[in-house]
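A.B. asks: Below is a structure I'd like to ask you about.
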Amino acid sequence: MLDKTFDPKIIESVHSARWEKSGVAKANPTHNANPYTIMIPPPNVTGSLHMGHAVNNTLQDILIRYHRMKKRNVLWQPGTDHASIVVNMLVTKKLESEGKDVRAMGREAFLKECWEFKKQSHENISNQLRRLGTTMDWSRERFTMDGGYNKAVTTAFVQLYKDGLIYRDKRLVNWDPKLQTVVSDLEAESRDVKGHMWYITYPIEGDVERTITIATTRPETMLGDTGIAVNPEDERYQDLIGKFAILPIVGRPIPIVGDTYVDKESGTGAMKITPAHDFNDFELGKRHKLEVINIFDDHARINSNAPEEYQGLDRFDARKKLLEELESQDLLVKAEAITHAVPHGDRSGVVIEPYLTDQWYCDAKTLAQPAIKAVEEGKTVFVPKNWENTYFEWMRNIQPWCISRQLWWGHQIPAWYGPEGDIFVAENEQEAQEEANKKYGKPVTLRQDPDVLDTWFSSGLWPFATLGWPDKTPELDKYYPGDVLVTAFDIIFFWVARMMMFGQYFMKDVPFHTVYIHALVRDAKGQKMSKSKGNVIDPLETIEKYGTDALRFTLTAMAAQGRDIRLSDDRIAGYRNFATKLWNAARYCEMNGCNPPENFDPTRATHMVNQWIIGEVVNTQNAIDTALAGYKFNDAANAIYSFVWGTFCDWYLEFTKPILGEGNTNDTLKQETRDTTGWVLDQILVLLNPFMPFITEELYESMAVRPSGSLLMAESWPSYDAALVKKTAADDIAWLIRAISEIRSVRTDMNVPPKAFVRLMIKDADAITKERAQTYDEVLRRMARVESVEYVTAAPKGAIQTVVGEASFILPIADIIDLDKERARLKKEIEKLNADIEKLNKQLSNQDFVARAAPEVVDEQRERLKISQATKEKLSSALMQLDAA
């Protein structure tokens, strides 16, 4: 017997362990079934999962469970990413808090600490993924720094190097002075900060009467200036082109050049050129063959290329000192307070410095071309499709990819340097040594490059490195390419693009056929979750409070394409109530002997209401199939929700109560209804299982005697005969539901007491309506609280009407309610609705609001307007009838 209340805490850990122990989730590359592959976006080994991970893995698990039930040869590849920069930062912070000097302890000792951190974090993450009810093939779990993966990374680097697609170059990079490493453009976070625009005068060489003024937000970088640019069409400065200015403080003559890049209207129309510390200046400097002077060291302190009194100063201390000296020399014209965008490291939080240094680069432009073509030709599609534009925009404007990082944790670059600076790239040190010895004609000492690869280089190999590449394996042959990648939009550049490039290059095929971009999870007000705002909803705390099934179903039901998820406790509580509704329905079935029967044949059902519910099962399954095929997870969730809560619980179980009651002596009909009810409940468990796996698995085990070891997750997805949808039954019950709903609606609108029975008069009914009213007389009267049914040719005074099909349903209510009081109430309600409609119309006609508000907010307001207008129309009709009465 089922417990009176459903407690998810009791069952979740039990079923999770059973699923994993059963081996049902294990992939079998020798199996002949059509493969279905999803590669998990590997979470970083840096702590706990957040709500974004929860929605991502829930949607993946739905697809995996669904296709497993459809008997595809499923592989859901689990694993984690080593997250080079973040782990370096977190471990360094931990060690420093313990009073340890990271550089002094050395690389090997530091890496030992990183591996220990990874071990603890990985265990936490894998346990959290299991709490979400996920069914990955844990026997195949990978880590981006495990032995086999390291081999794949090294092979990829060496091959790309030999093919001329990896090279070493001196270029400007985004330098993080705190983490002491390069960061990508995507990891440089633009922040609006309050600052100043300083106007500085530069004297003109040989002309004591002339000066030129420039404006800058970074005056400290002027110590590295090697030129000044003006627009050649700017008459103010045309005579200065070709002359030299004297760099203040330093005293170095720098040329004044003409370049159309300079905006005559911006600042003073003259700009200083610091090629070593500004990306645009670097390009300007190359065009005009200017000297490149780097004035910073790795910590963004002033180096020996600047005047001695500045050497060793932090960049911001140098700024302060320089401004004071400029002011003392009357060279500081003015300072304007401004707010401007300044790049910061998204991990360290410090200001990023453009920095000239030698790094390893990948020719991303060459690699991008086949990846662009693959999407253009539809080999890989984005869902929603608009994300293809984002992909194309970035890929068609892609720059050389800096793939080296000045860190210890990660894949150390497989390059060794000889005594004369020659580079030897090889699979291992022995191969590099052999190449070097051959070149130099004698044994020499080699030094391996200390840098590690950008994390996204190794992550880009994920779809095939996890399957054994570069070796030829059965898994690689069976499961590549994958079917779908489920991910968030913010890593289209970081990860999706890299996988597309590497998949095309190394495997000669796309890594997946579909990229599904899911929504971001925000708070109930649509704000991004952050610790500083205090609005973070923790998935594990939510699971503890409401259960995993409630959280999963909430995230799924709200995962509409192109719309962020606005999550709240109320939403989750609502779907917990859905689980409770199902549990109570199962208890009702159990108490009435409606257990799932063996070998039930739905084609043998004879009673109209049983034929109807069987047809509705078929319709629901079709709706779920269609929705999941289009990655419309919310539509799939809403289809099964509407069927369970509305069709099955609110209608079918109520329709059939008299049939199952003691007063019914038709044992054949009673047994048919019991069997049908049990069968429908069993189908619900199958159809709902991908979305709410725990409660459905528990009910599957409890509601019937199954073969030993049976699991719902191993059952087959149903395939029904379309002939099970009976038109007569569907039309009849649709009429009955409409009739009951309309009567209930009128009663509610008119404030008819819930326990009061009213007479029902039907006018203009055709033969079919009369037959239906007679056939379903008992159900109609019981569920609509109707005293009697009669046919009339005109409505009596004091009656309210509604339309069902061709007939008018008339409820004489003058003797039950106070008509004058109801008129006053309706007028007040209509006035309130008019005010709401006016307010909503005004808001939605405001183009500024529509442009600034989140799309889902605009949609919600439009839906509110639609509901308000429909309610007003309904109440206005009721008021007119009351006035006529």
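Following the order of the structure tokens, chains are lettered A, B, ..., residues in each are numbered from 1, and ligands are numbered from 1.
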Extract, using only C-alpha atoms, all DNA, RNA and protein residues at most 12 Å from Ile613 in chain A, discarding same-chain residues fewer than 6 positions from it, and format them as a short mmCIF file (atom, residue, chain, number, x, y, z; two decimals) with all heavy atoms, in the first residue's frame.
C.D. replies:
```
data_model
loop_
_atom_site.label_atom_id
_atom_site.label_comp_id
_atom_site.auth_asym_id
_atom_site.auth_seq_id
_atom_site.Cartn_x
_atom_site.Cartn_y
_atom_site.Cartn_z
N PRO A 602 -6.11 -2.31 -25.26
CA PRO A 602 -6.96 -1.11 -25.27
C PRO A 602 -8.00 -1.12 -26.39
O PRO A 602 -8.99 -0.38 -26.31
CB PRO A 602 -5.95 0.04 -25.45
CG PRO A 602 -4.74 -0.59 -26.05
CD PRO A 602 -4.69 -1.98 -25.51
N ALA A 605 -11.77 -1.99 -25.27
CA ALA A 605 -12.60 -1.12 -24.42
C ALA A 605 -13.90 -0.77 -25.15
O ALA A 605 -13.88 -0.43 -26.33
CB ALA A 605 -11.84 0.15 -24.06
N THR A 606 -15.02 -0.87 -24.44
CA THR A 606 -16.32 -0.65 -25.06
C THR A 606 -17.02 0.61 -24.57
O THR A 606 -17.79 1.23 -25.30
CB THR A 606 -17.24 -1.85 -24.79
OG1 THR A 606 -17.40 -2.00 -23.37
CG2 THR A 606 -16.67 -3.12 -25.40
N HIS A 607 -16.77 0.99 -23.33
CA HIS A 607 -17.45 2.15 -22.76
C HIS A 607 -16.86 3.43 -23.33
O HIS A 607 -15.65 3.56 -23.50
CB HIS A 607 -17.33 2.13 -21.23
CG HIS A 607 -18.28 3.07 -20.56
ND1 HIS A 607 -17.99 4.40 -20.34
CD2 HIS A 607 -19.52 2.87 -20.05
CE1 HIS A 607 -19.00 4.99 -19.74
NE2 HIS A 607 -19.95 4.08 -19.54
N ASN A 619 -3.04 10.82 -27.95
CA ASN A 619 -2.82 12.22 -28.31
C ASN A 619 -1.69 12.85 -27.50
O ASN A 619 -0.89 13.64 -28.02
CB ASN A 619 -4.10 13.02 -28.11
CG ASN A 619 -5.19 12.64 -29.10
OD1 ASN A 619 -4.91 12.14 -30.18
ND2 ASN A 619 -6.44 12.86 -28.72
N THR A 620 -1.63 12.50 -26.24
CA THR A 620 -0.58 13.04 -25.37
C THR A 620 0.79 12.54 -25.79
O THR A 620 1.75 13.31 -25.85
CB THR A 620 -0.87 12.69 -23.90
OG1 THR A 620 -2.14 13.21 -23.53
CG2 THR A 620 0.21 13.24 -22.99
N PHE A 643 -2.47 16.52 -19.30
CA PHE A 643 -3.14 15.23 -19.34
C PHE A 643 -3.31 14.65 -17.94
O PHE A 643 -4.41 14.20 -17.57
CB PHE A 643 -2.36 14.25 -20.21
CG PHE A 643 -2.97 12.86 -20.21
CD1 PHE A 643 -4.11 12.60 -20.94
CD2 PHE A 643 -2.41 11.84 -19.46
CE1 PHE A 643 -4.70 11.34 -20.93
CE2 PHE A 643 -2.98 10.57 -19.43
CZ PHE A 643 -4.12 10.33 -20.17
N VAL A 644 -2.24 14.66 -17.15
CA VAL A 644 -2.30 14.05 -15.81
C VAL A 644 -3.25 14.83 -14.91
O VAL A 644 -4.17 14.26 -14.30
CB VAL A 644 -0.90 13.96 -15.18
CG1 VAL A 644 -0.99 13.47 -13.73
CG2 VAL A 644 -0.01 13.03 -15.99
N GLY A 646 -5.39 17.50 -15.56
CA GLY A 646 -6.72 17.81 -16.06
C GLY A 646 -7.47 16.61 -16.58
O GLY A 646 -8.46 16.14 -15.99
N THR A 647 -6.99 16.04 -17.68
CA THR A 647 -7.72 14.98 -18.37
C THR A 647 -7.94 13.76 -17.49
O THR A 647 -9.06 13.24 -17.38
CB THR A 647 -6.96 14.57 -19.65
OG1 THR A 647 -6.70 15.75 -20.43
CG2 THR A 647 -7.75 13.58 -20.46
N PHE A 648 -6.87 13.28 -16.85
CA PHE A 648 -6.97 12.04 -16.07
C PHE A 648 -7.57 12.27 -14.69
O PHE A 648 -8.60 11.66 -14.34
CB PHE A 648 -5.58 11.40 -15.95
CG PHE A 648 -5.58 10.08 -15.22
CD1 PHE A 648 -6.22 8.97 -15.75
CD2 PHE A 648 -4.93 9.94 -13.99
CE1 PHE A 648 -6.22 7.74 -15.07
CE2 PHE A 648 -4.91 8.74 -13.30
CZ PHE A 648 -5.56 7.64 -13.84
N CYS A 649 -6.94 13.14 -13.92
CA CYS A 649 -7.38 13.32 -12.52
C CYS A 649 -8.71 14.07 -12.41
O CYS A 649 -9.64 13.61 -11.73
CB CYS A 649 -6.30 14.05 -11.72
SG CYS A 649 -4.77 13.11 -11.51
N TRP A 651 -10.98 14.90 -14.73
CA TRP A 651 -12.12 14.49 -15.54
C TRP A 651 -12.36 12.98 -15.52
O TRP A 651 -13.41 12.53 -15.05
CB TRP A 651 -11.96 14.99 -16.98
CG TRP A 651 -12.04 16.48 -17.10
CD1 TRP A 651 -11.05 17.34 -17.41
CD2 TRP A 651 -13.20 17.29 -16.85
NE1 TRP A 651 -11.48 18.64 -17.40
CE2 TRP A 651 -12.81 18.65 -17.06
CE3 TRP A 651 -14.52 17.02 -16.49
CZ2 TRP A 651 -13.70 19.72 -16.91
CZ3 TRP A 651 -15.40 18.10 -16.35
CH2 TRP A 651 -15.00 19.42 -16.55
N TYR A 652 -11.39 12.21 -15.97
CA TYR A 652 -11.66 10.77 -16.10
C TYR A 652 -11.96 10.12 -14.75
O TYR A 652 -12.94 9.35 -14.64
CB TYR A 652 -10.47 10.08 -16.77
CG TYR A 652 -10.65 8.58 -16.89
CD1 TYR A 652 -11.55 8.04 -17.81
CD2 TYR A 652 -9.95 7.70 -16.06
CE1 TYR A 652 -11.74 6.66 -17.91
CE2 TYR A 652 -10.13 6.33 -16.16
CZ TYR A 652 -11.02 5.82 -17.08
OH TYR A 652 -11.22 4.45 -17.17
N LEU A 653 -11.14 10.39 -13.75
CA LEU A 653 -11.38 9.74 -12.46
C LEU A 653 -12.72 10.18 -11.87
O LEU A 653 -13.41 9.37 -11.20
CB LEU A 653 -10.24 10.06 -11.48
CG LEU A 653 -8.87 9.47 -11.83
CD1 LEU A 653 -7.86 9.76 -10.72
CD2 LEU A 653 -8.94 7.97 -12.11
N PHE A 655 -15.36 11.15 -13.77
CA PHE A 655 -16.38 10.53 -14.61
C PHE A 655 -16.66 9.09 -14.16
O PHE A 655 -17.81 8.63 -14.18
CB PHE A 655 -15.90 10.48 -16.08
CG PHE A 655 -15.91 11.80 -16.79
CD1 PHE A 655 -15.11 12.00 -17.91
CD2 PHE A 655 -16.71 12.86 -16.37
CE1 PHE A 655 -15.11 13.20 -18.59
CE2 PHE A 655 -16.71 14.07 -17.04
CZ PHE A 655 -15.90 14.25 -18.15
N THR A 656 -15.63 8.37 -13.79
CA THR A 656 -15.75 6.92 -13.57
C THR A 656 -16.00 6.53 -12.11
O THR A 656 -16.14 5.35 -11.82
CB THR A 656 -14.49 6.20 -14.07
OG1 THR A 656 -13.33 6.75 -13.40
CG2 THR A 656 -14.33 6.35 -15.56
N THR A 673 -13.29 -0.78 -16.60
CA THR A 673 -12.87 0.54 -16.15
C THR A 673 -11.67 0.45 -15.22
O THR A 673 -10.75 1.28 -15.30
CB THR A 673 -14.04 1.26 -15.46
OG1 THR A 673 -15.15 1.32 -16.38
CG2 THR A 673 -13.67 2.66 -15.03
N THR A 676 -8.75 -0.30 -17.50
CA THR A 676 -8.41 0.89 -18.29
C THR A 676 -7.70 1.92 -17.43
O THR A 676 -6.68 2.49 -17.83
CB THR A 676 -9.68 1.51 -18.91
OG1 THR A 676 -10.32 0.55 -19.74
CG2 THR A 676 -9.33 2.75 -19.74
N THR A 677 -8.25 2.14 -16.23
CA THR A 677 -7.64 3.11 -15.32
C THR A 677 -6.21 2.70 -14.98
O THR A 677 -5.29 3.53 -15.00
CB THR A 677 -8.47 3.25 -14.03
OG1 THR A 677 -9.82 3.57 -14.38
CG2 THR A 677 -7.90 4.32 -13.12
N GLY A 678 -6.02 1.43 -14.65
CA GLY A 678 -4.67 0.93 -14.32
C GLY A 678 -3.72 1.05 -15.50
O GLY A 678 -2.54 1.43 -15.34
N TRP A 679 -4.24 0.75 -16.70
CA TRP A 679 -3.40 0.84 -17.89
C TRP A 679 -3.01 2.29 -18.17
O TRP A 679 -1.84 2.59 -18.47
CB TRP A 679 -4.15 0.26 -19.09
CG TRP A 679 -3.39 0.36 -20.39
CD1 TRP A 679 -2.44 -0.50 -20.85
CD2 TRP A 679 -3.55 1.38 -21.40
NE1 TRP A 679 -1.97 -0.09 -22.07
CE2 TRP A 679 -2.63 1.06 -22.44
CE3 TRP A 679 -4.35 2.50 -21.53
CZ2 TRP A 679 -2.51 1.84 -23.59
CZ3 TRP A 679 -4.23 3.29 -22.68
CH2 TRP A 679 -3.32 2.96 -23.68
N VAL A 680 -3.96 3.21 -18.04
CA VAL A 680 -3.67 4.63 -18.28
C VAL A 680 -2.64 5.12 -17.27
O VAL A 680 -1.70 5.84 -17.63
CB VAL A 680 -4.95 5.47 -18.22
CG1 VAL A 680 -4.62 6.97 -18.26
CG2 VAL A 680 -5.90 5.10 -19.35
N LEU A 681 -2.79 4.74 -16.01
CA LEU A 681 -1.81 5.14 -15.00
C LEU A 681 -0.42 4.63 -15.38
O LEU A 681 0.57 5.36 -15.26
CB LEU A 681 -2.21 4.61 -13.62
CG LEU A 681 -1.22 4.91 -12.48
CD1 LEU A 681 -1.07 6.42 -12.29
CD2 LEU A 681 -1.68 4.25 -11.18
N GLN A 683 0.68 4.03 -18.37
CA GLN A 683 1.17 4.82 -19.51
C GLN A 683 1.66 6.19 -19.04
O GLN A 683 2.64 6.71 -19.56
CB GLN A 683 0.07 4.99 -20.57
CG GLN A 683 -0.52 3.70 -21.11
CD GLN A 683 0.54 2.68 -21.48
OE1 GLN A 683 1.32 2.88 -22.41
NE2 GLN A 683 0.57 1.57 -20.75
N ILE A 684 0.97 6.75 -18.07
CA ILE A 684 1.41 8.03 -17.50
C ILE A 684 2.81 7.90 -16.93
O ILE A 684 3.66 8.77 -17.14
CB ILE A 684 0.42 8.50 -16.41
CG1 ILE A 684 -0.88 9.01 -17.05
CG2 ILE A 684 1.04 9.59 -15.53
CD1 ILE A 684 -1.98 9.32 -16.06
N LEU A 724 -6.88 3.86 -32.08
CA LEU A 724 -7.35 3.93 -30.70
C LEU A 724 -8.04 5.27 -30.40
O LEU A 724 -8.76 5.39 -29.41
CB LEU A 724 -6.17 3.75 -29.73
CG LEU A 724 -5.58 2.33 -29.66
CD1 LEU A 724 -4.34 2.32 -28.77
CD2 LEU A 724 -6.62 1.35 -29.12
N VAL A 725 -7.82 6.25 -31.24
CA VAL A 725 -8.51 7.54 -31.07
C VAL A 725 -9.87 7.43 -31.75
O VAL A 725 -9.98 7.41 -32.97
CB VAL A 725 -7.69 8.69 -31.69
CG1 VAL A 725 -8.43 10.02 -31.50
CG2 VAL A 725 -6.29 8.75 -31.09
N LYS A 726 -10.91 7.31 -30.93
CA LYS A 726 -12.27 7.14 -31.43
C LYS A 726 -12.95 8.51 -31.52
O LYS A 726 -13.14 9.19 -30.51
CB LYS A 726 -13.08 6.24 -30.48
CG LYS A 726 -12.43 4.89 -30.18
CD LYS A 726 -12.40 3.99 -31.40
CE LYS A 726 -11.87 2.59 -31.05
NZ LYS A 726 -11.76 1.73 -32.23
N LYS A 727 -13.35 8.88 -32.73
CA LYS A 727 -13.91 10.21 -32.94
C LYS A 727 -15.20 10.42 -32.16
O LYS A 727 -15.42 11.47 -31.55
CB LYS A 727 -14.16 10.45 -34.43
CG LYS A 727 -14.61 11.89 -34.75
CD LYS A 727 -14.76 12.11 -36.22
CE LYS A 727 -15.04 13.58 -36.52
NZ LYS A 727 -16.14 14.15 -35.76
N ALA A 729 -16.21 8.98 -29.39
CA ALA A 729 -15.91 9.13 -27.97
C ALA A 729 -15.27 10.48 -27.70
O ALA A 729 -15.62 11.17 -26.73
CB ALA A 729 -14.97 8.01 -27.52
N ALA A 730 -14.34 10.89 -28.56
CA ALA A 730 -13.66 12.18 -28.37
C ALA A 730 -14.65 13.33 -28.44
O ALA A 730 -14.62 14.25 -27.61
CB ALA A 730 -12.57 12.34 -29.42
N ASP A 732 -17.98 13.23 -28.00
CA ASP A 732 -18.95 13.15 -26.90
C ASP A 732 -18.37 13.73 -25.61
O ASP A 732 -18.99 14.56 -24.94
CB ASP A 732 -19.37 11.70 -26.67
CG ASP A 732 -20.60 11.31 -27.46
OD1 ASP A 732 -20.87 11.98 -28.49
OD2 ASP A 732 -21.30 10.36 -27.06
N ILE A 733 -17.17 13.27 -25.25
CA ILE A 733 -16.60 13.69 -23.97
C ILE A 733 -16.15 15.14 -24.04
O ILE A 733 -16.22 15.87 -23.04
CB ILE A 733 -15.46 12.75 -23.54
CG1 ILE A 733 -15.95 11.30 -23.50
CG2 ILE A 733 -14.91 13.16 -22.17
CD1 ILE A 733 -17.16 11.07 -22.61
N ALA A 734 -15.72 15.59 -25.22
CA ALA A 734 -15.38 17.00 -25.37
C ALA A 734 -16.61 17.86 -25.11
O ALA A 734 -16.53 18.92 -24.47
CB ALA A 734 -14.81 17.27 -26.76
#
```
A.B. asks: Once you count only C-alpha atoms, what closest atom pair and distance in Å to one decimal does each residue of range 554-671 of chain A within 7 Å of range 524-527 of chain A have, with rows by chain and rising residue number, as a tab-separated table?
C.D. replies:
```
residue	atom	partner	partner_atom	distance
A:Arg566	CA	A:Ala524	CA	4.8
A:Leu567	CA	A:Ala524	CA	5.0
A:Ser568	CA	A:Ala524	CA	5.1
```
A.B. asks: Which residues come within 12 Å of Gly593 in chain A, counting only C-alpha atoms, excluding same-chain residues fewer than 6 positions away, as a CSV table (one decimal) with N, CA and C atoms, in the first residue's frame?
C.D. replies:
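Wrote it out as around.csv, contents follow:
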```
chain,number,residue,atom,x,y,z
A,1,MET,N,0.9,-1.2,0.0
A,1,MET,CA,0.0,0.0,0.0
A,1,MET,C,0.9,1.2,0.0
A,586,ALA,N,-2.6,7.8,-7.8
A,586,ALA,CA,-2.2,6.4,-7.7
A,586,ALA,C,-2.8,5.7,-6.5
A,587,ARG,N,-2.8,6.4,-5.4
A,587,ARG,CA,-3.4,5.8,-4.2
A,587,ARG,C,-4.9,5.6,-4.4
A,660,LEU,N,-17.1,2.7,-10.6
A,660,LEU,CA,-16.3,1.9,-9.7
A,660,LEU,C,-17.0,1.8,-8.3
A,661,GLY,N,-18.0,2.5,-8.1
A,661,GLY,CA,-18.7,2.5,-6.8
A,661,GLY,C,-19.5,1.2,-6.6
A,670,LYS,N,-17.4,-2.5,-14.7
A,670,LYS,CA,-16.5,-2.2,-13.6
A,670,LYS,C,-15.1,-2.7,-13.8
A,671,GLN,N,-14.9,-3.9,-14.3
A,671,GLN,CA,-13.6,-4.5,-14.5
A,671,GLN,C,-12.9,-3.8,-15.7
A,672,GLU,N,-13.7,-3.5,-16.7
A,672,GLU,CA,-13.1,-2.8,-17.9
A,672,GLU,C,-12.5,-1.5,-17.4
A,673,THR,N,-13.3,-0.8,-16.6
A,673,THR,CA,-12.9,0.5,-16.2
A,673,THR,C,-11.7,0.5,-15.2
A,674,ARG,N,-11.7,-0.6,-14.3
A,674,ARG,CA,-10.5,-0.8,-13.5
A,674,ARG,C,-9.2,-1.0,-14.3
A,675,ASP,N,-9.4,-1.9,-15.3
A,675,ASP,CA,-8.2,-2.2,-16.2
A,675,ASP,C,-7.8,-1.0,-17.0
A,676,THR,N,-8.8,-0.3,-17.5
A,676,THR,CA,-8.4,0.9,-18.3
A,676,THR,C,-7.7,1.9,-17.4
A,677,THR,N,-8.2,2.1,-16.2
A,677,THR,CA,-7.6,3.1,-15.3
A,677,THR,C,-6.2,2.7,-15.0
A,678,GLY,N,-6.0,1.4,-14.6
A,678,GLY,CA,-4.7,0.9,-14.3
A,678,GLY,C,-3.7,1.1,-15.5
A,679,TRP,N,-4.2,0.7,-16.7
A,679,TRP,CA,-3.4,0.8,-17.9
A,679,TRP,C,-3.0,2.3,-18.2
A,703,MET,N,3.0,-0.2,-7.9
A,703,MET,CA,1.6,-0.4,-8.4
A,703,MET,C,1.3,-1.7,-9.0
A,704,ALA,N,2.3,-2.5,-9.3
A,704,ALA,CA,2.0,-3.8,-10.0
A,704,ALA,C,3.1,-4.8,-9.7
```
A.B. asks: DSSP says helix (DSSP H, G or I) for which residues of range 590-643 of chain A? Put them as a ChimeraX atom specification?
C.D. replies: /A:590-591,602-604,608-629,633-643
A.B. asks: For range 395-406 of chain A, work out the shell of residues within 7 Å, counting only C-alpha atoms and skipping chain neighbours fewer than 5 positions away, then give it as a list in words.
C.D. replies: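 The filter keeps Gln180, Thr181, Val182, Gln359, Trp360, Tyr361, Cys362, Asp363, Ala364, Lys365, Ala368, Ile372, Asp451, Val452, Leu453, Asp454 and Phe457 of chain A.
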A.B. asks: Env of Asn638 in chain A: 12 Å cut, atoms = only C-alpha atoms, seq-sep filter 3 positions within chain, self excluded. Answer as a count of residues only.
C.D. replies: 28
A.B. asks: What does the structure give for the distance between CA of Arg447 in chain A and CA of Ala426 in chain A, in Å to one decimal?
C.D. replies: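 About the pair CA of Arg447 in chain A and CA of Ala426 in chain A: they are 12.9 Å apart.
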A.B. asks: Given the choices A:Ala465, A:Ile423, A:Ile817, A:Ile11, which gets closest to Gly79 in chain A if the distance is worked out from only C-alpha atoms?
C.D. replies: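 Using only C-alpha atoms, the shortest distance to Gly79 in chain A belongs to A:Ala465.
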A.B. asks: Leu223 in chain A: which residues within 9 Å, counting only C-alpha atoms, same-chain residues fewer than 4 positions away excluded, as a compact mmCIF listing (two decimals) with all heavy atoms, in the first residue's frame?
C.D. replies:
```
# COMPACT_ATOMS: atom_id res chain seq x y z
N PRO A 219 47.26 57.82 -18.64
CA PRO A 219 48.47 58.65 -18.83
C PRO A 219 49.78 57.92 -18.55
O PRO A 219 50.81 58.27 -19.13
CB PRO A 219 48.25 59.82 -17.86
CG PRO A 219 47.25 59.32 -16.86
CD PRO A 219 46.37 58.37 -17.60
N LEU A 247 58.28 63.92 -26.12
CA LEU A 247 57.50 63.18 -25.12
C LEU A 247 57.80 63.74 -23.74
O LEU A 247 58.96 63.69 -23.28
CB LEU A 247 57.85 61.69 -25.19
CG LEU A 247 57.14 60.77 -24.21
CD1 LEU A 247 55.63 60.81 -24.40
CD2 LEU A 247 57.65 59.34 -24.36
N PRO A 248 56.79 64.32 -23.05
CA PRO A 248 57.03 64.86 -21.71
C PRO A 248 57.61 63.81 -20.76
O PRO A 248 57.42 62.61 -20.95
CB PRO A 248 55.62 65.29 -21.27
CG PRO A 248 54.89 65.56 -22.54
CD PRO A 248 55.41 64.53 -23.51
N ILE A 249 58.29 64.27 -19.76
CA ILE A 249 58.93 63.45 -18.72
C ILE A 249 60.13 62.70 -19.28
O ILE A 249 61.23 62.74 -18.72
CB ILE A 249 57.95 62.43 -18.07
CG1 ILE A 249 56.65 63.13 -17.65
CG2 ILE A 249 58.62 61.70 -16.91
CD1 ILE A 249 56.80 64.19 -16.61
N VAL A 250 59.93 62.03 -20.43
CA VAL A 250 60.98 61.19 -21.01
C VAL A 250 61.94 62.02 -21.86
O VAL A 250 63.15 61.80 -21.86
CB VAL A 250 60.36 60.05 -21.86
CG1 VAL A 250 61.45 59.20 -22.50
CG2 VAL A 250 59.44 59.19 -21.01
N THR A 274 50.86 54.25 -28.54
CA THR A 274 51.65 53.42 -27.62
C THR A 274 51.53 51.98 -28.10
O THR A 274 50.71 51.21 -27.59
CB THR A 274 51.13 53.55 -26.17
OG1 THR A 274 50.79 54.91 -25.91
CG2 THR A 274 52.15 53.05 -25.18
N ILE A 293 57.78 49.95 -27.57
CA ILE A 293 58.48 50.00 -26.28
C ILE A 293 57.54 49.51 -25.18
O ILE A 293 56.51 50.14 -24.89
CB ILE A 293 58.95 51.43 -25.95
CG1 ILE A 293 59.92 51.93 -27.05
CG2 ILE A 293 59.63 51.46 -24.59
CD1 ILE A 293 60.35 53.37 -26.86
N ILE A 295 56.70 49.07 -21.40
CA ILE A 295 57.12 49.73 -20.15
C ILE A 295 56.66 48.99 -18.90
O ILE A 295 56.88 49.47 -17.79
CB ILE A 295 56.60 51.18 -20.10
CG1 ILE A 295 55.05 51.20 -20.13
CG2 ILE A 295 57.19 52.02 -21.22
CD1 ILE A 295 54.45 52.48 -19.64
N ASN A 305 62.55 50.31 -19.11
CA ASN A 305 62.44 51.12 -20.32
C ASN A 305 61.91 52.53 -20.04
O ASN A 305 61.80 53.35 -20.95
CB ASN A 305 61.52 50.44 -21.34
CG ASN A 305 62.16 49.20 -21.95
OD1 ASN A 305 63.38 49.14 -22.09
ND2 ASN A 305 61.35 48.21 -22.29
N ALA A 306 61.58 52.80 -18.79
CA ALA A 306 61.07 54.11 -18.39
C ALA A 306 62.13 54.83 -17.55
O ALA A 306 63.11 54.21 -17.11
CB ALA A 306 59.78 53.93 -17.59
N PRO A 307 61.96 56.13 -17.31
CA PRO A 307 62.91 56.86 -16.45
C PRO A 307 63.09 56.16 -15.10
O PRO A 307 62.15 55.55 -14.57
CB PRO A 307 62.26 58.23 -16.29
CG PRO A 307 61.47 58.41 -17.55
CD PRO A 307 60.94 57.03 -17.87
```
A.B. asks: Using only C-alpha atoms, determine which residues lie at most 12 Å from Gly805 in chain A, disregarding the query and same-chain residues fewer than 2 positions distant; provide the list as a ChimeraX atom specification.
C.D. replies: /A:731-732,734-739,742,762-766,768-770,802-803,807-809
A.B. asks: Suppose you want the space between CA of Ile125 in chain A and CA of Ser16 in chain A; what is it in Å?
C.D. replies: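 Rounded to one decimal, the two atoms are 15.2 Å apart.
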A.B. asks: Quick one: distance from CA of Ser48 in chain A to CA of Glu541 in chain A in Å, one decimal?
C.D. replies: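 The value is 12.0 Å.
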A.B. asks: From the options A:Leu711, A:Val758, A:Ala773, A:Val786, which residue's atoms come nearest to Ala799 in chain A, counting only C-alpha atoms?
C.D. replies: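 Distance minimum relative to Ala799 in chain A lands on A:Val758.
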